[in-house]
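Colleague: What follows is query.pdb; its format and atoms are PDB, C-alpha atoms and all ligand atoms.
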ATOM      1  CA  MET A  17      -5.641  -4.898  25.348
ATOM      2  CA  THR A  18      -2.147  -5.276  23.983
ATOM      3  CA  ASN A  19      -1.579  -6.229  20.380
ATOM      4  CA  PRO A  20       0.278  -9.574  20.202
ATOM      5  CA  LEU A  21       2.592  -8.073  17.570
ATOM      6  CA  GLU A  22       3.975  -5.732  20.192
ATOM      7  CA  THR A  23       5.106  -8.599  22.375
ATOM      8  CA  MET A  24       8.433  -9.509  20.870
ATOM      9  CA  THR A  25       8.311 -13.128  22.025
ATOM     10  CA  ASN A  26       5.442 -13.876  19.604
ATOM     11  CA  SER A  27       6.348 -14.783  16.031
ATOM     12  CA  PRO A  28       4.804 -12.270  13.605
ATOM     13  CA  PHE A  29       4.418 -15.098  11.068
ATOM     14  CA  GLU A  30       2.479 -17.228  13.558
ATOM     15  CA  ILE A  31       0.142 -14.300  14.276
ATOM     16  CA  ALA A  32      -0.295 -13.705  10.535
ATOM     17  CA  LYS A  33      -1.232 -17.380  10.169
ATOM     18  CA  GLN A  34      -3.794 -17.040  12.969
ATOM     19  CA  ALA A  35      -5.197 -13.912  11.308
ATOM     20  CA  ALA A  36      -5.446 -15.764   7.983
ATOM     21  CA  ASP A  37      -7.319 -18.607   9.713
ATOM     22  CA  GLN A  38      -9.763 -16.101  11.206
ATOM     23  CA  ILE A  39     -10.277 -14.517   7.770
ATOM     24  CA  ARG A  40     -10.886 -17.964   6.271
ATOM     25  CA  GLN A  41     -13.524 -18.632   8.916
ATOM     26  CA  ALA A  42     -15.161 -15.223   8.706
ATOM     27  CA  THR A  43     -15.326 -15.160   4.890
ATOM     28  CA  GLY A  44     -15.755 -18.844   4.085
ATOM     29  CA  VAL A  45     -13.105 -18.380   1.387
ATOM     30  CA  GLU A  46     -10.448 -21.088   1.579
ATOM     31  CA  LYS A  47      -7.782 -19.298  -0.398
ATOM     32  CA  HIS A  48      -7.280 -15.764  -1.673
ATOM     33  CA  ASP A  49      -5.282 -15.116  -4.831
ATOM     34  CA  ILE A  50      -4.654 -11.371  -4.857
ATOM     35  CA  ALA A  51      -4.465  -8.879  -2.008
ATOM     36  CA  LEU A  52      -4.834  -5.113  -2.077
ATOM     37  CA  THR A  53      -4.060  -2.419   0.437
ATOM     38  CA  LEU A  54      -6.109   0.636  -0.368
ATOM     39  CA  GLY A  55      -4.479   3.918   0.603
ATOM     40  CA  SER A  56      -5.942   7.409   0.530
ATOM     41  CA  GLY A  57      -7.873   8.036  -2.652
ATOM     42  CA  TRP A  58      -8.255   4.362  -3.571
ATOM     43  CA  ALA A  59     -11.044   3.097  -1.282
ATOM     44  CA  LYS A  60     -13.747   3.083  -3.981
ATOM     45  CA  ALA A  61     -11.860   0.430  -5.922
ATOM     46  CA  ALA A  62     -13.214  -2.197  -3.533
ATOM     47  CA  ASP A  63     -16.755  -1.523  -4.816
ATOM     48  CA  LEU A  64     -15.760  -1.901  -8.443
ATOM     49  CA  ILE A  65     -13.531  -4.933  -8.687
ATOM     50  CA  GLY A  66     -16.141  -7.622  -8.118
ATOM     51  CA  GLU A  67     -18.763  -9.009  -5.793
ATOM     52  CA  THR A  68     -18.194  -8.621  -2.055
ATOM     53  CA  VAL A  69     -18.413 -12.059  -0.445
ATOM     54  CA  ALA A  70     -17.800 -10.901   3.113
ATOM     55  CA  SER A  71     -16.742  -7.806   4.999
ATOM     56  CA  VAL A  72     -15.046  -8.168   8.376
ATOM     57  CA  PRO A  73     -14.189  -5.355  10.812
ATOM     58  CA  ALA A  74     -10.399  -5.308  10.921
ATOM     59  CA  LYS A  75     -10.420  -5.007  14.714
ATOM     60  CA  ASP A  76     -11.962  -8.513  14.894
ATOM     61  CA  ILE A  77      -8.869 -10.051  13.288
ATOM     62  CA  VAL A  78      -5.814 -10.681  15.425
ATOM     63  CA  GLY A  79      -3.034  -8.117  15.065
ATOM     64  CA  PHE A  80      -5.147  -5.482  13.302
ATOM     65  CA  SER A  81      -6.529  -2.285  14.790
ATOM     66  CA  ALA A  82      -8.834   0.578  13.837
ATOM     67  CA  PRO A  83      -7.279   3.190  11.512
ATOM     68  CA  VAL A  84      -6.319   6.628  12.761
ATOM     69  CA  VAL A  85      -6.570   8.588   9.517
ATOM     70  CA  GLU A  86      -9.829   9.996   8.194
ATOM     71  CA  GLY A  87     -10.562   8.510   4.780
ATOM     72  CA  HIS A  88      -9.094   5.114   5.655
ATOM     73  CA  VAL A  89     -11.617   2.293   6.013
ATOM     74  CA  ALA A  90     -11.298  -0.272   8.788
ATOM     75  CA  THR A  91     -12.619  -3.364   7.063
ATOM     76  CA  ILE A  92     -11.142  -6.458   5.515
ATOM     77  CA  ARG A  93     -13.178  -7.548   2.530
ATOM     78  CA  SER A  94     -13.214 -10.683   0.471
ATOM     79  CA  ILE A  95     -14.210 -10.023  -3.131
ATOM     80  CA  LYS A  96     -14.867 -12.467  -5.926
ATOM     81  CA  LEU A  97     -13.518 -11.145  -9.210
ATOM     82  CA  PRO A  98     -15.257 -11.736 -12.547
ATOM     83  CA  SER A  99     -12.366 -14.087 -13.354
ATOM     84  CA  GLY A 100     -13.382 -16.285 -10.395
ATOM     85  CA  LYS A 101     -10.273 -15.322  -8.420
ATOM     86  CA  HIS A 102     -10.611 -14.165  -4.824
ATOM     87  CA  ALA A 103      -9.244 -10.799  -3.757
ATOM     88  CA  LEU A 104      -8.582  -9.780  -0.177
ATOM     89  CA  VAL A 105      -8.978  -6.041   0.322
ATOM     90  CA  LEU A 106      -7.225  -4.563   3.322
ATOM     91  CA  GLY A 107      -8.742  -1.219   4.217
ATOM     92  CA  ALA A 108      -6.836  -0.923   7.447
ATOM     93  CA  ARG A 109      -3.242   0.066   6.937
ATOM     94  CA  THR A 110      -1.122   0.745  10.004
ATOM     95  CA  HIS A 111       1.363   3.491   9.260
ATOM     96  CA  TYR A 112       4.932   3.541  10.476
ATOM     97  CA  TYR A 113       4.365   6.981  12.037
ATOM     98  CA  GLU A 114       1.841   5.470  14.457
ATOM     99  CA  ALA A 115       4.932   4.111  16.216
ATOM    100  CA  HIS A 116       3.514   0.659  16.977
ATOM    101  CA  GLY A 117       6.540  -0.945  15.365
ATOM    102  CA  VAL A 118       7.231  -2.290  11.914
ATOM    103  CA  ARG A 119       5.662  -5.684  12.661
ATOM    104  CA  ARG A 120       2.283  -3.970  12.900
ATOM    105  CA  VAL A 121       2.957  -2.057   9.657
ATOM    106  CA  VAL A 122       3.481  -5.223   7.616
ATOM    107  CA  HIS A 123       0.942  -7.466   9.360
ATOM    108  CA  GLY A 124      -1.622  -6.972   6.571
ATOM    109  CA  VAL A 125       0.870  -8.092   3.947
ATOM    110  CA  ARG A 126       1.953 -11.137   5.960
ATOM    111  CA  THR A 127      -1.659 -12.049   6.647
ATOM    112  CA  ALA A 128      -2.496 -11.708   2.947
ATOM    113  CA  ALA A 129       0.386 -14.040   2.098
ATOM    114  CA  ALA A 130      -0.855 -16.524   4.710
ATOM    115  CA  THR A 131      -4.312 -16.530   3.054
ATOM    116  CA  GLY A 132      -2.578 -17.742  -0.093
ATOM    117  CA  ALA A 133      -2.268 -14.474  -2.023
ATOM    118  CA  LYS A 134       0.561 -14.461  -4.559
ATOM    119  CA  VAL A 135       0.073 -10.884  -5.761
ATOM    120  CA  MET A 136       0.170  -7.866  -3.456
ATOM    121  CA  ILE A 137      -1.162  -4.578  -4.746
ATOM    122  CA  LEU A 138      -0.016  -1.653  -2.614
ATOM    123  CA  THR A 139      -1.694   1.683  -3.220
ATOM    124  CA  ASN A 140      -1.122   5.037  -1.561
ATOM    125  CA  GLY A 141      -1.653   8.754  -1.777
ATOM    126  CA  CYS A 142       1.570  10.734  -2.014
ATOM    127  CA  GLY A 143       3.327  13.896  -3.066
ATOM    128  CA  GLY A 144       4.910  14.258  -6.502
ATOM    129  CA  ILE A 145       8.173  15.861  -7.513
ATOM    130  CA  LYS A 146       7.753  15.969 -11.298
ATOM    131  CA  GLU A 147       6.136  19.284 -12.117
ATOM    132  CA  THR A 148       4.426  17.835 -15.175
ATOM    133  CA  TRP A 149       2.247  15.650 -12.906
ATOM    134  CA  LYS A 150      -1.055  17.253 -11.953
ATOM    135  CA  PRO A 151      -2.686  16.431  -8.596
ATOM    136  CA  GLY A 152      -4.895  13.414  -9.196
ATOM    137  CA  THR A 153      -2.388  11.603 -11.435
ATOM    138  CA  PRO A 154      -1.982   7.862 -10.805
ATOM    139  CA  VAL A 155       1.658   6.739 -11.056
ATOM    140  CA  LEU A 156       3.059   3.194 -11.129
ATOM    141  CA  ILE A 157       5.863   2.625  -8.636
ATOM    142  CA  SER A 158       8.987   1.335 -10.375
ATOM    143  CA  ASP A 159      11.265   1.206  -7.326
ATOM    144  CA  HIS A 160      11.616   2.739  -3.891
ATOM    145  CA  ILE A 161      14.023   4.530  -1.588
ATOM    146  CA  ASN A 162      13.413   3.510   2.011
ATOM    147  CA  LEU A 163      14.159   6.518   4.218
ATOM    148  CA  THR A 164      12.734   5.047   7.414
ATOM    149  CA  ALA A 165      16.079   3.476   8.376
ATOM    150  CA  ASP A 166      14.031   0.438   9.376
ATOM    151  CA  SER A 167      13.146  -2.951   7.911
ATOM    152  CA  PRO A 168      10.436  -5.529   8.492
ATOM    153  CA  LEU A 169      13.102  -8.229   8.283
ATOM    154  CA  GLU A 170      14.522  -9.441  11.540
ATOM    155  CA  GLY A 171      17.896 -11.046  12.035
ATOM    156  CA  ALA A 172      20.204 -12.054   9.204
ATOM    157  CA  THR A 173      17.440 -12.246   6.606
ATOM    158  CA  PHE A 174      19.068 -11.156   3.369
ATOM    159  CA  ILE A 175      16.446 -10.588   0.703
ATOM    160  CA  ASP A 176      17.087  -9.466  -2.869
ATOM    161  CA  LEU A 177      15.025  -6.425  -3.880
ATOM    162  CA  THR A 178      15.830  -6.318  -7.596
ATOM    163  CA  ASP A 179      12.593  -5.872  -9.584
ATOM    164  CA  LEU A 180      10.736  -5.459  -6.271
ATOM    165  CA  TYR A 181       7.861  -3.769  -8.094
ATOM    166  CA  SER A 182       7.107  -6.308 -10.782
ATOM    167  CA  LYS A 183       7.849  -5.231 -14.329
ATOM    168  CA  ARG A 184       5.341  -7.796 -15.542
ATOM    169  CA  LEU A 185       2.535  -6.258 -13.468
ATOM    170  CA  ARG A 186       3.443  -2.741 -14.607
ATOM    171  CA  GLU A 187       3.126  -3.982 -18.157
ATOM    172  CA  VAL A 188      -0.275  -5.495 -17.366
ATOM    173  CA  ALA A 189      -1.327  -2.083 -15.988
ATOM    174  CA  ARG A 190      -0.210  -0.427 -19.206
ATOM    175  CA  THR A 191      -2.355  -2.740 -21.292
ATOM    176  CA  VAL A 192      -5.286  -1.015 -19.548
ATOM    177  CA  ASP A 193      -3.884   2.513 -19.745
ATOM    178  CA  ALA A 194      -0.829   2.953 -21.966
ATOM    179  CA  SER A 195      -0.333   6.521 -20.711
ATOM    180  CA  LEU A 196       0.476   5.480 -17.118
ATOM    181  CA  ASP A 197       3.738   7.018 -15.993
ATOM    182  CA  GLU A 198       6.023   5.476 -13.386
ATOM    183  CA  GLY A 199       8.286   6.762 -10.666
ATOM    184  CA  ILE A 200      10.520   5.983  -7.717
ATOM    185  CA  TYR A 201       8.779   6.271  -4.356
ATOM    186  CA  ALA A 202      10.595   7.524  -1.272
ATOM    187  CA  GLN A 203       9.109   6.478   2.052
ATOM    188  CA  PHE A 204       9.608   8.954   4.875
ATOM    189  CA  ARG A 205       8.609   8.244   8.448
ATOM    190  CA  GLY A 206       6.106  11.124   8.615
ATOM    191  CA  PRO A 207       3.610  12.155   9.862
ATOM    192  CA  HIS A 208       4.903  15.622   9.045
ATOM    193  CA  TYR A 209       5.256  16.342   5.366
ATOM    194  CA  GLU A 210       8.782  16.945   4.056
ATOM    195  CA  THR A 211      10.614  20.235   4.112
ATOM    196  CA  PRO A 212      11.356  21.667   0.659
ATOM    197  CA  ALA A 213      15.038  20.774   1.296
ATOM    198  CA  GLU A 214      14.126  17.130   1.933
ATOM    199  CA  VAL A 215      12.097  17.080  -1.258
ATOM    200  CA  GLN A 216      15.139  18.391  -3.154
ATOM    201  CA  MET A 217      17.264  15.698  -1.493
ATOM    202  CA  VAL A 218      14.928  13.018  -2.818
ATOM    203  CA  LYS A 219      14.942  14.626  -6.257
ATOM    204  CA  HIS A 220      18.759  14.514  -6.324
ATOM    205  CA  MET A 221      18.684  10.891  -5.151
ATOM    206  CA  GLY A 222      16.531  10.041  -8.141
ATOM    207  CA  GLY A 223      13.129   9.858  -6.433
ATOM    208  CA  HIS A 224       9.874  11.118  -7.913
ATOM    209  CA  LEU A 225       7.243  10.456  -5.240
ATOM    210  CA  VAL A 226       7.237  11.110  -1.489
ATOM    211  CA  GLY A 227       5.001   9.325   0.968
ATOM    212  CA  MET A 228       4.658   7.608   4.317
ATOM    213  CA  SER A 229       3.934   3.981   3.458
ATOM    214  CA  THR A 230       4.466   1.155   0.965
ATOM    215  CA  ALA A 231       8.245   0.564   0.973
ATOM    216  CA  LEU A 232       8.320  -1.434   4.234
ATOM    217  CA  GLU A 233       5.219  -3.358   3.129
ATOM    218  CA  ALA A 234       6.783  -4.147  -0.248
ATOM    219  CA  ILE A 235       9.867  -5.581   1.465
ATOM    220  CA  ALA A 236       7.689  -7.858   3.622
ATOM    221  CA  ALA A 237       5.682  -8.902   0.565
ATOM    222  CA  ARG A 238       8.878  -9.828  -1.258
ATOM    223  CA  GLU A 239      10.072 -11.795   1.772
ATOM    224  CA  ALA A 240       6.754 -13.677   1.609
ATOM    225  CA  GLY A 241       7.413 -14.470  -2.061
ATOM    226  CA  MET A 242       4.660 -12.280  -3.475
ATOM    227  CA  GLU A 243       4.661 -10.368  -6.746
ATOM    228  CA  ILE A 244       4.110  -6.657  -6.104
ATOM    229  CA  LEU A 245       2.243  -3.932  -7.938
ATOM    230  CA  GLY A 246       2.751  -0.473  -6.432
ATOM    231  CA  PHE A 247       0.365   2.278  -7.375
ATOM    232  CA  SER A 248       0.513   5.877  -6.133
ATOM    233  CA  LEU A 249      -2.066   8.585  -6.427
ATOM    234  CA  MET A 250      -0.171  11.835  -6.622
ATOM    235  CA  THR A 251      -2.550  14.113  -4.705
ATOM    236  CA  ASN A 252      -0.242  17.095  -4.356
ATOM    237  CA  LEU A 253       3.038  18.420  -5.614
ATOM    238  CA  ALA A 254       5.607  17.920  -2.850
ATOM    239  CA  ALA A 255       6.496  20.762  -0.493
ATOM    240  CA  GLY A 256       8.432  23.525  -2.214
ATOM    241  CA  VAL A 257       7.568  22.158  -5.666
ATOM    242  CA  GLN A 258       4.077  23.461  -5.051
ATOM    243  CA  LYS A 259       4.366  27.050  -3.894
ATOM    244  CA  THR A 260       1.513  26.978  -1.376
ATOM    245  CA  PRO A 261       1.648  25.080   1.959
ATOM    246  CA  LEU A 262       0.368  21.511   1.987
ATOM    247  CA  SER A 263      -2.979  20.959   3.641
ATOM    248  CA  HIS A 264      -4.384  17.571   4.627
ATOM    249  CA  ALA A 265      -7.862  18.824   3.643
ATOM    250  CA  GLU A 266      -6.663  19.622   0.109
ATOM    251  CA  VAL A 267      -4.923  16.272  -0.122
ATOM    252  CA  LEU A 268      -8.187  14.527   0.812
ATOM    253  CA  GLU A 269     -10.129  16.648  -1.674
ATOM    254  CA  ALA A 270      -7.752  15.763  -4.544
ATOM    255  CA  GLY A 271      -8.094  12.113  -3.538
ATOM    256  CA  ARG A 272     -11.887  12.294  -3.516
ATOM    257  CA  GLU A 273     -11.927  13.934  -6.923
ATOM    258  CA  ALA A 274      -9.635  11.346  -8.530
ATOM    259  CA  GLU A 275     -11.172   8.382  -6.717
ATOM    260  CA  PRO A 276     -13.818   7.233  -9.247
ATOM    261  CA  ARG A 277     -11.363   7.351 -12.149
ATOM    262  CA  ILE A 278      -8.413   5.639 -10.480
ATOM    263  CA  SER A 279     -10.660   3.073  -8.802
ATOM    264  CA  ALA A 280     -12.085   2.061 -12.183
ATOM    265  CA  LEU A 281      -8.550   1.892 -13.552
ATOM    266  CA  LEU A 282      -7.408  -0.362 -10.715
ATOM    267  CA  ALA A 283     -10.475  -2.583 -11.096
ATOM    268  CA  ALA A 284      -9.725  -3.037 -14.790
ATOM    269  CA  ILE A 285      -6.091  -3.881 -14.053
ATOM    270  CA  ILE A 286      -6.906  -6.420 -11.318
ATOM    271  CA  ASN A 287      -9.128  -8.293 -13.675
ATOM    272  CA  LYS A 288      -6.201  -8.750 -16.053
ATOM    273  CA  ILE A 289      -3.825 -10.145 -13.439
TER     274      ILE A 289
HETATM  275  I1  LIG A 301      -1.535  12.199   0.195
HETATM  276  O1  LIG A 301       3.561  15.280   0.008
HETATM  277  C1  LIG A 301       0.353  12.621   0.673
HETATM  278  N1  LIG A 301       1.036  11.833   1.471
HETATM  279  N2  LIG A 301       5.462  12.257   2.845
HETATM  280  N3  LIG A 301       4.493  13.795   1.415
HETATM  281  C2  LIG A 301       4.395  12.667   2.169
HETATM  282  N4  LIG A 301       3.304  11.951   2.260
HETATM  283  C3  LIG A 301       2.244  12.379   1.557
HETATM  284  C4  LIG A 301       2.258  13.516   0.768
HETATM  285  C5  LIG A 301       3.462  14.272   0.693
HETATM  286  N5  LIG A 301       1.041  13.653   0.213
END
Represent the structure from my file as structure tokens, please.

Modeller:
Amino acid sequence: MTNPLETMTNSPFEIAKQAADQIRQATGVEKHDIALTLGSGWAKAADLIGETVASVPAKDIVGFSAPVVEGHVATIRSIKLPSGKHALVLGARTHYYEAHGVRRVVHGVRTAAATGAKVMILTNGCGGIKETWKPGTPVLISDHINLTADSPLEGATFIDLTDLYSKRLREVARTVDASLDEGIYAQFRGPHYETPAEVQMVKHMGGHLVGMSTALEAIAAREAGMEILGFSLMTNLAAGVQKTPLSHAEVLEAGREAEPRISALLAAIINKI
């Protein structure tokens, strides 16, 4: 079965609207307020932020597919927060490196916007360049460097990206944990990790975090008029900064270890938004 987002004649916004209608039907929730994409190390947050109203297999919603990475959960959940707001939790990120095209990568964000969400929280696991960060450190994203040479915008769609990662939301996060540091996130295509030389390139460009997601999604979220909170879990020092080779197993282990703490932190922050 082909994904309708890979047929260029379909409008990705129309498919996002259809997906939002299906989510409305499956969850019985008319309008969502906040959406979250949970990356590696963040999945437990869904259990802590509120009461799950409905959980839908992502593959049942148009345009979505099952995840390819171990540790990623393939469900779309509707959660009622203690504040009474409704959160849509996307556990099924499509990565750019899967090579299904950028429309598929940002479909979750566009669907979230079509359900009514005004705030998009993008989380990820990534490598860190600052040696003072220990694996397991959560870092607020202050800006990004998009190294994919791609964009979710099509045609002459000129979108301002100043304050892409909302200063207001970073301040809200710091009311929960004043010690939260922030950094500039560089999105590579992946799925290979960077060479040490590429990590040094990012360092000289002013970047602090290296990963394989988030930047393209943030651009689509801004296009949709959403306010964005970007949150990275630094699971490893980037290649060459850490002297030993990177291993996916170690990355997962660092994520698992930090998960309860950062999930509780995220839950506390969401309830202040
Ligand atoms: I977790 O060091 C995780 N994801 N590009 N580099 C890139 N992606 C990552 C890394 C990393 N760690």

Colleague: Could you give me the centre and size, in Å to one decimal, of an axis-aligned box around all listed atoms of stretch 114-117 of chain A with 3 Å added on every side, as lines of an AutoDock Vina configuration file?

Modeller:
center_x = 4.2
center_y = 2.3
center_z = 15.7
size_x = 10.7
size_y = 12.4
size_z = 8.5

Colleague: Have a look at A:Ile65, A:Ala59, A:Ala213, A:Val45 and name the one nearest to A:Leu97; count only C-alpha atoms.

Modeller: A:Ile65

Colleague: Spell out the residues picked by the PyMOL selection byres (((not hetatm)) within 7 of (chain A and resi 301)) here, as a count of residues only.

Modeller: 20

Colleague: For atom CA of A:Lys47 and atom CA of A:Lys183, quote the distance in Å rounded to one decimal.

Modeller: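 For atom CA of A:Lys47 relative to atom CA of A:Lys183, the distance reads 25.2 Å.
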
Colleague: Separation of atom CA of A:Gly152 and atom CA of A:Ala74, in Å?

Modeller: 28.0 Å

Colleague: I'd like the contact shell of stretch 21-38 of chain A - 6 Å cut-off, only C-alpha atoms, skipping same-chain residues fewer than 6 positions apart - returned as a list in words.

Modeller: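 Everything that qualifies: Ile77, Val78, Arg126, Thr127, Ala130 and Thr131 of chain A.
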
Colleague: Using all atoms listed in the file, which protein or nucleic acid residues come within 12 Å of A:Val72? Drop anything in the same chain fewer than 5 positions from it, and give the result as a list in words.

Modeller: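 Contacts, with the query itself left out: Ala35, Gln38, Ile39, Arg40, Gln41, Ala42, Thr43, Gly44, Ile77, Val78, Phe80, Val89, Ala90, Thr91, Ile92, Arg93, Ser94, Ile95, Leu104, Val105, Leu106, Gly107 and Ala108 of chain A.
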
Colleague: Identify all residues satisfying the PyMOL selection byres (((chain A and resi 240) around 9) and not hetatm) in the given file; provide them as a PyMOL selection string.

Modeller: chain A and resi 125-126+129-130+134+235-239+241-242

Colleague: Exactly which residues make up the result of the PyMOL selection byres (((chain A and resi 273) around 12) and not hetatm) on this file, given as a list in words?

Modeller: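 With the PyMOL selection byres (((chain A and resi 273) around 12) and not hetatm) on this model, the match is Ser56, Gly57, Trp58, Lys60, Pro151, Gly152, Thr153, Leu249, Met250, Thr251, Glu266, Val267, Leu268, Glu269, Ala270, Gly271, Arg272, Ala274, Glu275, Pro276, Arg277, Ile278 and Ser279 of chain A.
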
Colleague: Near A:Leu196, counting all atoms listed in the file, which residues have an atom at most 10 Å away, once you skip same-chain residues fewer than 2 positions from it, shown as a PyMOL selection string?

Modeller: chain A and resi 153-156+186-187+189-194+198

Colleague: Using all atoms listed in the file, which of A:Glu214, A:Glu243, A:Trp149, A:Lys219 sits nearest A:Leu177?

Modeller: A:Glu243

Colleague: Please, what distance in Å, to one decimal, runs between atom CA of A:Ala103 and atom CA of A:Phe174?

Modeller: 29.2 Å

Colleague: Let me make sure I understand: among A:Ala62, A:Ala280, A:Ile137, A:Leu169, which one has the smallest atom-to-atom distance to A:Ser182 if we use all atoms listed in the file?

Modeller: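 Using all atoms listed in the file, A:Ser182 sits closest to A:Ile137.
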
Colleague: Step by step: start from the point (0.9, -1.5, 12.6) in the file's coordinates, keep every protein, DNA or RNA residue that has an atom no farther than 9 Å from it, count only C-alpha atoms, and write the set as a ChimeraX atom specification.

Modeller: /A:21,79-81,109-112,114-124

Colleague: Kindly extract all protein, DNA and RNA residues lying within 7 Å of the coordinates (-3.5, -8.9, -19.7) given in the file, considering all atoms listed in the file, and supply them as a list in words.

Modeller: Val188, Thr191, Lys288 and Ile289 of chain A

Colleague: Would you kindly return, as a ChimeraX atom specification, each protein, DNA or RNA residue with an atom no farther than 8 Å from any atom of A:Ala231, considering all atoms listed in the file and excluding same-chain residues fewer than 3 positions away?

Modeller: /A:160-162,201-203,234-235

Colleague: Let me make sure I understand: among A:Ala133, A:Ile50, A:Leu138, A:Ile244, which one has the smallest atom-to-atom distance to A:Thr178 if we use only C-alpha atoms?

Modeller: A:Ile244

Colleague: Kindly indicate which residue among A:Ile157, A:Ile175, A:Val215, A:Met136 lies nearest to A:Asp197, using all atoms listed in the file for the distances.

Modeller: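 Closest candidate: A:Ile157.
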
Colleague: Select, from A:Leu64, A:Val218, A:Ala284, A:Leu245, the residue with the minimum atom-to-atom distance to A:Lys146, counting only C-alpha atoms.

Modeller: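 Looking only at the distances to A:Lys146, the closest residue turns out to be A:Val218.
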